[in-house]
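model.pdb follows; it contains PDB, C-alpha atoms.
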```pdb
ATOM      1  CA  SER R  27       7.277 159.558  89.984
ATOM      2  CA  THR R  28       9.805 159.826  87.156
ATOM      3  CA  THR R  29       8.758 159.631  83.517
ATOM      4  CA  ILE R  30      10.938 158.247  80.712
ATOM      5  CA  GLU R  31      10.735 160.319  77.549
ATOM      6  CA  THR R  32      11.959 160.114  73.960
ATOM      7  CA  ASP R  33      15.748 160.611  73.623
ATOM      8  CA  ASP R  34      16.347 159.969  77.340
ATOM      9  CA  LYS R  35      19.400 157.888  78.216
ATOM     10  CA  VAL R  36      18.599 155.185  80.744
ATOM     11  CA  VAL R  37      21.036 152.826  82.495
ATOM     12  CA  PHE R  38      19.521 149.467  83.485
ATOM     13  CA  MET R  39      21.020 146.926  85.866
ATOM     14  CA  GLY R  40      20.003 143.276  85.945
ATOM     15  CA  THR R  41      20.871 139.704  85.057
ATOM     16  CA  GLY R  42      21.660 138.863  81.440
ATOM     17  CA  PRO R  43      18.343 137.072  80.735
ATOM     18  CA  ALA R  44      16.350 139.814  82.466
ATOM     19  CA  LEU R  45      18.058 142.519  80.412
ATOM     20  CA  ASP R  46      17.372 140.557  77.225
ATOM     21  CA  LEU R  47      13.670 140.465  78.084
ATOM     22  CA  LEU R  48      13.722 144.148  78.969
ATOM     23  CA  ALA R  49      15.386 145.057  75.682
ATOM     24  CA  ALA R  50      12.870 142.974  73.758
ATOM     25  CA  SER R  51      10.003 144.805  75.447
ATOM     26  CA  PHE R  52      11.435 148.234  74.602
ATOM     27  CA  PHE R  53      12.821 147.620  71.131
ATOM     28  CA  ARG R  54      11.157 145.770  68.287
ATOM     29  CA  ASN R  55      14.348 144.724  66.543
ATOM     30  CA  VAL R  56      16.799 143.333  69.076
ATOM     31  CA  ASN R  57      19.321 141.303  67.131
ATOM     32  CA  LYS R  58      22.349 139.421  68.335
ATOM     33  CA  ILE R  59      25.598 140.890  67.030
ATOM     34  CA  ARG R  60      27.045 138.581  64.391
ATOM     35  CA  THR R  61      29.348 140.891  62.447
ATOM     36  CA  ALA R  62      31.536 143.764  63.606
ATOM     37  CA  ALA R  63      33.934 146.240  62.036
ATOM     38  CA  VAL R  64      36.858 147.630  64.016
ATOM     39  CA  ILE R  65      38.600 150.743  62.691
ATOM     40  CA  GLY R  66      42.028 151.101  64.267
ATOM     41  CA  GLY R  67      44.385 148.210  64.901
ATOM     42  CA  GLY R  68      46.288 149.530  67.900
ATOM     43  CA  SER R  69      46.348 147.795  71.268
ATOM     44  CA  VAL R  70      42.689 148.599  71.965
ATOM     45  CA  GLY R  71      41.483 147.489  68.535
ATOM     46  CA  SER R  72      43.566 144.321  68.685
ATOM     47  CA  MET R  73      42.274 143.294  72.115
ATOM     48  CA  LEU R  74      38.714 144.103  71.103
ATOM     49  CA  ALA R  75      38.962 142.010  67.937
ATOM     50  CA  GLN R  76      40.302 139.097  69.968
ATOM     51  CA  GLN R  77      37.382 139.307  72.383
ATOM     52  CA  LEU R  78      34.918 139.488  69.502
ATOM     53  CA  GLU R  79      36.503 136.402  67.951
ATOM     54  CA  GLU R  80      36.076 134.537  71.235
ATOM     55  CA  ALA R  81      32.389 135.508  71.148
ATOM     56  CA  GLU R  82      32.175 133.955  67.648
ATOM     57  CA  ILE R  83      31.537 137.322  65.994
ATOM     58  CA  ARG R  84      32.895 137.815  62.477
ATOM     59  CA  VAL R  85      35.321 140.738  62.506
ATOM     60  CA  LYS R  86      36.666 143.074  59.838
ATOM     61  CA  LEU R  87      39.546 145.193  61.138
ATOM     62  CA  ILE R  88      40.873 148.205  59.223
ATOM     63  CA  GLU R  89      44.429 149.418  59.955
ATOM     64  CA  HIS R  90      46.444 151.965  57.962
ATOM     65  CA  ASP R  91      49.935 150.709  58.918
ATOM     66  CA  ARG R  92      51.067 147.811  56.716
ATOM     67  CA  LYS R  93      53.513 146.306  59.229
ATOM     68  CA  ARG R  94      50.867 146.438  61.910
ATOM     69  CA  CYS R  95      48.477 144.635  59.558
ATOM     70  CA  VAL R  96      50.988 141.787  59.191
ATOM     71  CA  PHE R  97      51.221 141.505  62.974
ATOM     72  CA  LEU R  98      47.438 141.541  63.342
ATOM     73  CA  ALA R  99      46.971 138.919  60.636
ATOM     74  CA  ASP R 100      49.433 136.631  62.427
ATOM     75  CA  ASN R 101      47.684 137.023  65.776
ATOM     76  CA  LEU R 102      44.007 137.334  64.837
ATOM     77  CA  LYS R 103      43.291 134.235  62.813
ATOM     78  CA  GLY R 104      39.530 134.690  62.924
ATOM     79  CA  SER R 105      39.465 138.305  61.743
ATOM     80  CA  LEU R 106      39.707 139.764  58.260
ATOM     81  CA  ILE R 107      42.537 142.314  58.388
ATOM     82  CA  LEU R 108      42.193 145.130  55.854
ATOM     83  CA  HIS R 109      45.057 147.480  55.033
ATOM     84  CA  GLY R 110      43.643 150.943  54.465
ATOM     85  CA  ASP R 111      42.260 154.106  55.982
ATOM     86  CA  GLY R 112      38.983 154.110  57.892
ATOM     87  CA  THR R 113      38.054 157.389  56.204
ATOM     88  CA  ASP R 114      38.373 155.857  52.720
ATOM     89  CA  LEU R 115      34.759 155.760  51.558
ATOM     90  CA  GLU R 116      35.589 153.460  48.644
ATOM     91  CA  LEU R 117      37.156 150.944  51.038
ATOM     92  CA  LEU R 118      34.212 151.126  53.434
ATOM     93  CA  GLU R 119      31.733 150.585  50.619
ATOM     94  CA  GLY R 120      33.757 147.821  48.985
ATOM     95  CA  GLU R 121      33.980 145.855  52.228
ATOM     96  CA  SER R 122      30.295 146.447  53.100
ATOM     97  CA  ILE R 123      31.190 147.988  56.457
ATOM     98  CA  GLY R 124      27.794 149.675  56.598
ATOM     99  CA  GLU R 125      26.148 146.243  56.710
ATOM    100  CA  CYS R 126      27.965 145.192  59.892
ATOM    101  CA  ASP R 127      25.857 144.920  63.027
ATOM    102  CA  VAL R 128      28.250 147.220  64.885
ATOM    103  CA  THR R 129      31.256 149.386  64.060
ATOM    104  CA  VAL R 130      33.858 150.379  66.641
ATOM    105  CA  CYS R 131      36.202 153.300  65.893
ATOM    106  CA  VAL R 132      39.275 153.185  68.126
ATOM    107  CA  THR R 133      42.050 155.127  66.401
ATOM    108  CA  ASN R 134      44.085 157.528  68.529
ATOM    109  CA  ASN R 135      42.652 160.596  66.783
ATOM    110  CA  ASP R 136      39.281 162.057  67.803
ATOM    111  CA  GLU R 137      38.703 163.833  64.497
ATOM    112  CA  LYS R 138      39.420 160.688  62.520
ATOM    113  CA  ASN R 139      37.163 158.623  64.765
ATOM    114  CA  LEU R 140      34.370 161.146  64.262
ATOM    115  CA  LEU R 141      34.761 161.145  60.478
ATOM    116  CA  CYS R 142      34.914 157.342  60.340
ATOM    117  CA  SER R 143      31.783 157.132  62.480
ATOM    118  CA  LEU R 144      29.837 159.561  60.309
ATOM    119  CA  LEU R 145      30.852 157.771  57.102
ATOM    120  CA  VAL R 146      29.890 154.367  58.467
ATOM    121  CA  LYS R 147      26.602 155.753  59.769
ATOM    122  CA  GLN R 148      25.896 157.209  56.322
ATOM    123  CA  LEU R 149      26.515 153.765  54.832
ATOM    124  CA  GLY R 150      23.802 152.290  57.035
ATOM    125  CA  CYS R 151      25.473 150.879  60.141
ATOM    126  CA  GLU R 152      22.981 151.325  62.974
ATOM    127  CA  ARG R 153      25.264 150.747  65.972
ATOM    128  CA  ILE R 154      28.488 152.734  66.341
ATOM    129  CA  ILE R 155      30.863 152.840  69.292
ATOM    130  CA  THR R 156      33.559 155.494  69.145
ATOM    131  CA  ARG R 157      36.598 156.219  71.252
ATOM    132  CA  VAL R 158      37.089 159.849  72.264
ATOM    133  CA  GLY R 159      40.251 161.059  73.960
ATOM    134  CA  ASN R 160      39.134 164.604  74.768
ATOM    135  CA  LEU R 161      36.081 164.710  77.022
ATOM    136  CA  ARG R 162      35.116 168.073  75.545
ATOM    137  CA  ASN R 163      34.430 166.252  72.281
ATOM    138  CA  SER R 164      32.077 163.661  73.772
ATOM    139  CA  MET R 165      29.028 165.944  73.679
ATOM    140  CA  LEU R 166      29.752 166.767  70.030
ATOM    141  CA  PHE R 167      30.007 163.091  69.127
ATOM    142  CA  GLU R 168      26.656 162.326  70.723
ATOM    143  CA  ARG R 169      25.034 165.425  69.221
ATOM    144  CA  VAL R 170      25.810 164.305  65.665
ATOM    145  CA  GLY R 171      24.298 160.887  66.277
ATOM    146  CA  ILE R 172      27.140 158.651  67.450
ATOM    147  CA  ASP R 173      25.451 155.985  69.547
ATOM    148  CA  VAL R 174      28.074 155.254  72.202
ATOM    149  CA  VAL R 175      31.168 157.219  73.156
ATOM    150  CA  VAL R 176      33.966 155.599  75.178
ATOM    151  CA  SER R 177      36.630 157.821  76.708
ATOM    152  CA  PRO R 178      39.948 156.374  77.891
ATOM    153  CA  ARG R 179      40.230 159.392  80.158
ATOM    154  CA  ASP R 180      37.129 158.251  82.016
ATOM    155  CA  SER R 181      38.977 155.064  82.959
ATOM    156  CA  ALA R 182      42.083 156.979  83.984
ATOM    157  CA  MET R 183      40.056 159.493  85.992
ATOM    158  CA  ARG R 184      38.111 156.690  87.670
ATOM    159  CA  GLU R 185      41.372 155.020  88.752
ATOM    160  CA  LEU R 186      42.745 158.315  90.069
ATOM    161  CA  LEU R 187      39.580 159.061  92.027
ATOM    162  CA  ASN R 188      39.567 155.556  93.482
ATOM    163  CA  ARG R 189      43.041 156.145  94.883
ATOM    164  CA  LEU R 190      41.755 159.267  96.627
ATOM    165  CA  GLN R 191      38.654 157.602  98.061
ATOM    166  CA  ALA R 192      38.258 155.907 101.420
ATOM    167  CA  LYS R 193      39.170 152.225 101.208
ATOM    168  CA  ASP R 194      35.510 151.168 101.408
ATOM    169  CA  VAL R 195      34.371 153.390  98.518
ATOM    170  CA  ASN R 196      35.194 152.744  94.857
ATOM    171  CA  ILE R 197      34.017 154.477  91.695
ATOM    172  CA  LEU R 198      32.963 151.815  89.184
ATOM    173  CA  ALA R 199      31.970 154.162  86.368
ATOM    174  CA  LEU R 200      31.664 157.799  85.408
ATOM    175  CA  VAL R 201      28.507 158.762  83.513
ATOM    176  CA  GLU R 202      28.099 161.640  81.054
ATOM    177  CA  GLY R 203      31.648 162.914  81.375
ATOM    178  CA  GLY R 204      31.677 162.638  85.160
ATOM    179  CA  GLN R 205      28.293 164.230  85.918
ATOM    180  CA  GLY R 206      27.074 160.950  87.361
ATOM    181  CA  GLU R 207      28.879 158.188  89.232
ATOM    182  CA  VAL R 208      28.357 154.512  89.965
ATOM    183  CA  LEU R 209      29.841 153.757  93.384
ATOM    184  CA  ARG R 210      30.657 150.496  95.126
ATOM    185  CA  LEU R 211      30.315 150.779  98.901
ATOM    186  CA  ASN R 212      31.674 148.050 101.169
ATOM    187  CA  LEU R 213      29.784 147.942 104.462
ATOM    188  CA  PRO R 214      32.427 147.466 107.198
ATOM    189  CA  GLU R 215      32.508 145.072 110.125
ATOM    190  CA  GLY R 216      30.365 146.350 112.941
ATOM    191  CA  PHE R 217      27.893 148.022 110.611
ATOM    192  CA  ALA R 218      24.473 147.952 112.272
ATOM    193  CA  THR R 219      21.895 146.196 110.090
ATOM    194  CA  VAL R 220      19.405 148.642 108.591
ATOM    195  CA  LEU R 221      16.638 148.425 106.000
ATOM    196  CA  VAL R 222      17.189 150.082 102.637
ATOM    197  CA  ARG R 223      14.318 152.501 103.241
ATOM    198  CA  ASP R 224      15.979 153.650 106.485
ATOM    199  CA  PHE R 225      19.466 154.058 105.030
ATOM    200  CA  VAL R 226      19.902 157.804 104.569
ATOM    201  CA  LEU R 227      21.149 158.818 101.124
ATOM    202  CA  PRO R 228      20.777 161.996  99.059
ATOM    203  CA  ALA R 229      17.542 162.266  97.086
ATOM    204  CA  ARG R 230      19.423 161.799  93.801
ATOM    205  CA  ALA R 231      21.042 158.511  94.837
ATOM    206  CA  ILE R 232      19.683 154.990  94.623
ATOM    207  CA  ILE R 233      20.981 151.576  95.669
ATOM    208  CA  GLY R 234      20.788 149.453  92.535
ATOM    209  CA  LEU R 235      22.296 146.205  93.764
ATOM    210  CA  VAL R 236      23.457 144.446  96.921
ATOM    211  CA  LYS R 237      26.107 141.723  96.752
ATOM    212  CA  ARG R 238      26.138 139.457  99.802
ATOM    213  CA  GLY R 239      28.714 136.705  99.544
ATOM    214  CA  ARG R 240      27.931 134.922  96.289
ATOM    215  CA  ASN R 241      24.360 136.193  96.204
ATOM    216  CA  VAL R 242      23.240 139.183  94.158
ATOM    217  CA  ILE R 243      20.178 141.016  95.472
ATOM    218  CA  PHE R 244      18.134 143.652  93.664
ATOM    219  CA  PRO R 245      16.891 145.520  96.721
ATOM    220  CA  HIS R 246      13.584 147.058  97.715
ATOM    221  CA  GLY R 247      12.662 149.103 100.754
ATOM    222  CA  ASP R 248      12.434 146.099 103.086
ATOM    223  CA  THR R 249      15.814 144.639 102.096
ATOM    224  CA  PRO R 250      18.218 144.604 105.074
ATOM    225  CA  LEU R 251      21.731 145.955 104.618
ATOM    226  CA  GLU R 252      24.294 144.021 106.637
ATOM    227  CA  ALA R 253      27.969 144.231 107.509
ATOM    228  CA  GLY R 254      30.060 142.819 104.674
ATOM    229  CA  ASP R 255      27.542 143.723 101.968
ATOM    230  CA  GLN R 256      28.690 145.449  98.799
ATOM    231  CA  LEU R 257      26.321 148.142  97.531
ATOM    232  CA  ILE R 258      26.204 149.469  93.983
ATOM    233  CA  VAL R 259      24.918 153.041  94.179
ATOM    234  CA  PHE R 260      23.908 155.332  91.316
ATOM    235  CA  THR R 261      24.306 159.020  92.119
ATOM    236  CA  MET R 262      25.088 162.467  90.808
ATOM    237  CA  ALA R 263      28.754 163.395  91.159
ATOM    238  CA  SER R 264      27.775 166.444  93.212
ATOM    239  CA  ASP R 265      26.216 164.143  95.833
ATOM    240  CA  ALA R 266      29.146 161.729  96.135
ATOM    241  CA  GLU R 267      30.625 163.487  99.170
ATOM    242  CA  ALA R 268      27.286 163.361 101.001
ATOM    243  CA  ILE R 269      27.071 159.632 100.288
ATOM    244  CA  LYS R 270      30.500 159.055 101.792
ATOM    245  CA  LYS R 271      29.428 160.927 104.915
ATOM    246  CA  ALA R 272      26.217 158.880 105.186
ATOM    247  CA  PHE R 273      28.173 155.711 104.570
ATOM    248  CA  THR R 274      30.812 156.359 107.226
ATOM    249  CA  ARG R 275      28.403 157.593 109.882
TER     250      ARG R 275
END
```
Take the structure from the file and write it as structure tokens.
Amino acid sequence: STTIETDDKVVFMGTGPALDLLAASFFRNVNKIRTAAVIGGGSVGSMLAQQLEEAEIRVKLIEHDRKRCVFLADNLKGSLILHGDGTDLELLEGESIGECDVTVCVTNNDEKNLLCSLLVKQLGCERIITRVGNLRNSMLFERVGIDVVVSPRDSAMRELLNRLQAKDVNILALVEGGQGEVLRLNLPEGFATVLVRDFVLPARAIIGLVKRGRNVIFPHGDTPLEAGDQLIVFTMASDAEAIKKAFTR
């Protein structure tokens, strides 16, 4: 059996309501996000702010380029656009950025994102999501207490790897800089039905979900796997090749 210990990172899969209940059982203070700060008004920051607006979250967006601020103000009617630098402590304090439920740092500079994150964390923001361009920096970001690190290179690498995979295997996500993978396996026509417990996979791989038509199944050992099913598999990157061999047997 596997034990979960303090400071472990755990990825859960489930329906929205089930995950809400799970979070409530693990964490005493699970609050809905109502306010968010976005530092960096480029294409990523702009799209993020728009999505947050659609979710009825109050947004403060900080952008250093004045012309870009004018553009953002014209296109993001529900966000407060602030002209300034995300590393300006006086600006962060004056706009109460530390009181936001979440802060997202998405400038194009890793060092600036790190400094912004540390300043906002010092001001009291408990949830920080930071963009990192260089994967070598991701461990540093997490080591100094940045809650979530998002790397655009992960997305690019995932797309590249998908192009190299067999047509029935897709990488949905890379975990911990590529050490782990979330795979989607499409069971082909002619696949002989087999129970999950009899489907041979490496020891460090687990089937987390089965999608059959419009139905989503969270499998157990007696769940049958049938032709046409889509499997979501969690595995270590080093075992991915073995999974492909088991899958195409």
List the neighbours of segment 95-110 of chain R out to 12 Å using all atoms listed in the file; skip same-chain residues closer than 3 positions along the sequence, and give me the result as a PyMOL selection string. chain R and resi 61-69+71-92+113-118+120-121+123
Atom CA of Val130 of chain R and atom CA of Arg157 of chain R, how far apart in Å? 7.9 Å
Atom CA of Glu137 of chain R to atom CA of Asn160 of chain R measures 10.3 Å
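In this model, the gap between atom CA of Val242 of chain R and atom CA of Gly216 of chain R comes to 21.3 Å.
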Neighbours of point (28.5, 164.5, 95.3) within 10 Å, using only C-alpha atoms, written as a PyMOL selection string: chain R and resi 205-207+228+230-231+261-270
Under the PyMOL selection byres ((chain R and resi 220) around 9), which residues of this model are included? Write them out as a compact mmCIF listing (two decimals) with C-alpha atoms, in the frame of the given file.
```txt
# COMPACT_ATOMS: atom_id res chain seq x y z
CA PHE R 217 27.89 148.02 110.61
CA ALA R 218 24.47 147.95 112.27
CA THR R 219 21.90 146.20 110.09
CA LEU R 221 16.64 148.43 106.00
CA VAL R 222 17.19 150.08 102.64
CA ARG R 223 14.32 152.50 103.24
CA ASP R 224 15.98 153.65 106.48
CA PHE R 225 19.47 154.06 105.03
CA THR R 249 15.81 144.64 102.10
CA PRO R 250 18.22 144.60 105.07
CA LEU R 251 21.73 145.96 104.62
CA GLU R 252 24.29 144.02 106.64
```
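Taken over the whole file, the PyMOL selection byres ((chain R and resi 213) around 7) covers exactly Leu211, Asn212, Pro214, Glu215, Phe217, Ala253, Gly254, Asp255 and Gln256 of chain R.
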Contacts of segment 149-156 of chain R at 10 Å or less, counting all atoms listed in the file, minus same-chain residues fewer than 2 places along, as a PyMOL selection string? chain R and resi 59+62-65+115+118-119+122-133+136+139-140+142-147+158-159+164+167-168+171-177
Assuming the chain letters and numbering stay as they are in my file, what does the PyMOL selection byres ((chain R and resi 235) around 8) actually select? List them as a tab-separated table (two decimals) with C-alpha atoms, in the coordinates of the input.
```tsv
chain	number	residue	atom	x	y	z
R	233	ILE	CA	20.98	151.58	95.67
R	234	GLY	CA	20.79	149.45	92.54
R	236	VAL	CA	23.46	144.45	96.92
R	237	LYS	CA	26.11	141.72	96.75
R	242	VAL	CA	23.24	139.18	94.16
R	243	ILE	CA	20.18	141.02	95.47
R	244	PHE	CA	18.13	143.65	93.66
R	245	PRO	CA	16.89	145.52	96.72
R	257	LEU	CA	26.32	148.14	97.53
R	258	ILE	CA	26.20	149.47	93.98
R	259	VAL	CA	24.92	153.04	94.18
```
Please enclose the listed atoms of segment 238-252 of chain R in an axis-aligned box, pad each side by 3 Å, and write out the centre and the three edge lengths in Å, rounded to one decimal, as lines of an AutoDock Vina configuration file.
```
center_x = 20.6
center_y = 142.0
center_z = 100.2
size_x = 22.3
size_y = 20.2
size_z = 19.0
```
